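These notes are about the structure you will find just below.
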Amino acid sequence: MGTYLWVAAGSALGGMARYWCSLWAIERFGATFPWGTLAVNILGSFVIGLFGGLTGPDGRFLVSPDMRIFVMVGICGGYTTFSSFSLQTLGLMQDGEWVRAGANVVLSVVLCLVAVWLGVSAAGVALKGV
């Protein structure tokens, strides 16, 4: 039961952070393109890569399985927004905004993969410094 509470707490924190970041992006850049969702997914990909790399079996930091679940499943799972990405992309397509929809798909996939790679790489650099 304790693990589920870690997931729930992390998800709540991640969800609140996602909401704040999305509102911030809309205020700064407008709502014609889902910049907030894109930014959230990129940052979430980086964080899960960094934390996973730093706390994995070869990582620099030893953390409990519950802490890894709290951050990686709870916070990152509550923070990243693939379902929102999918719904917003479909909305762009239904509105005939094919270029924006395509850009959202390509940017989200490529930049999130780059971000998770950067996170894992940053963890590897940190590990070499030990």
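As shown in the structure tokens, the chain order sets the letters A, B, ...; within each chain, residues go from 1, and ligands are also counted from 1 in the order they appear.
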Exercise for the section: Using only C-alpha atoms, determine which residues lie at most 10 Å from Ser121 (chain A), disregarding the query and same-chain residues fewer than 4 positions distant; provide the list as a list in words. Expected result: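 In the requested form, the answer reads Phe46, Gly49, Leu50, Gly53, Leu54, Ala115, Val116, Trp117, Val125, Ala126 and Leu127 of chain A.
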Practice task
Quick one: everything within 12 Å of Glu97 (chain A), counting only C-alpha atoms, minus sequence neighbours fewer than 6 positions away in the same chain. Send it as a PyMOL selection string.
Solution key: chain A and resi 32-33+88-91+103-104
Problem - Nearest residue to Tyr4 (chain A) from the set A:Val63, A:Met16, A:Val105, A:Ile69 (distances using only C-alpha atoms) - result: A:Ile69
Exercise for the section: Please report, as number ranges by chain, each residue of chain A to which DSSP assigns helix (DSSP H, G or I) when run on this structure's backbone. Expected result: A: 2-29, 35-55, 65-79, 82-94, 98-128
Problem - Best match for closeness to Leu13 (chain A) among A:Leu111, A:Cys76, A:Ser86, A:Met93, counting only C-alpha atoms - result: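 Ranking A:Leu111, A:Cys76, A:Ser86, A:Met93 by distance to Leu13 (chain A), first place goes to A:Cys76.
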Practice task
For CA of Ala25 (chain A) and CA of Val106 (chain A), quote the distance in Å rounded to one decimal.
Solution key: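 Interatomic distance here is 19.4 Å.
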Practice task
For Leu107 (chain A), please output as a ChimeraX atom specification all residues within 12 Å (counting only C-alpha atoms; exclusion window: fewer than 4 positions along the same chain).
Solution key: /A:33-35,37-39,41-42,85,89,99-103,111-115
Handout entry: Pick from A:Ala123, A:Leu87, A:Val7, A:Ala17, whichever lies nearest to Leu43 (chain A) using only C-alpha atoms
Key =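 Closest to Leu43 (chain A), using only C-alpha atoms: A:Ala17.
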Handout entry: Non-local contacts of Pro65 (chain A) (12 Å; only C-alpha atoms; under 2 positions in same chain excluded) as a list of chain:residue names
Key =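 Near Pro65 (chain A), the qualifying residues are A:Gly2, A:Thr3, A:Trp6, A:Val7, A:Gly52, A:Thr55, A:Gly56, A:Pro57, A:Leu62, A:Val63, A:Met67, A:Arg68, A:Ile69, A:Phe70, A:Val71, A:Met72, A:Val73.
Nearest residue to Gly14 (chain A) among A:Leu92, A:Val40, A:Gly129, A:Phe51 is A:Val40, counting only C-alpha atoms.
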Handout entry: Shell around Ala12 (chain A) at 8 Å using only C-alpha atoms, local window under 4 positions removed, as a PyMOL selection string
Key = chain A and resi 8+16+74-75+78
With C-alpha atoms kept, could you save the residues just selected as a CSV table (one decimal), in the first residue's frame?
```csv
chain,number,residue,atom,x,y,z
A,8,ALA,CA,-0.3,9.2,-5.7
A,16,MET,CA,0.1,20.6,-10.4
A,74,GLY,CA,4.6,9.5,-9.7
A,75,ILE,CA,6.1,13.0,-10.5
A,78,GLY,CA,1.8,13.1,-13.4
```
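In terms of minimum interatomic distance to Val110 (chain A), A:Ser45 ranks closest within A:Asp58, A:Ser45, A:Arg28, A:Gly124, counting only C-alpha atoms.
A straight line drawn from CA of Ala122 (chain A) to CA of Arg18 (chain A) is 23.1 Å long.
For the atom pair formed by CA of Leu118 (chain A) and CA of Phe82 (chain A), the distance is 19.5 Å, given to one decimal.
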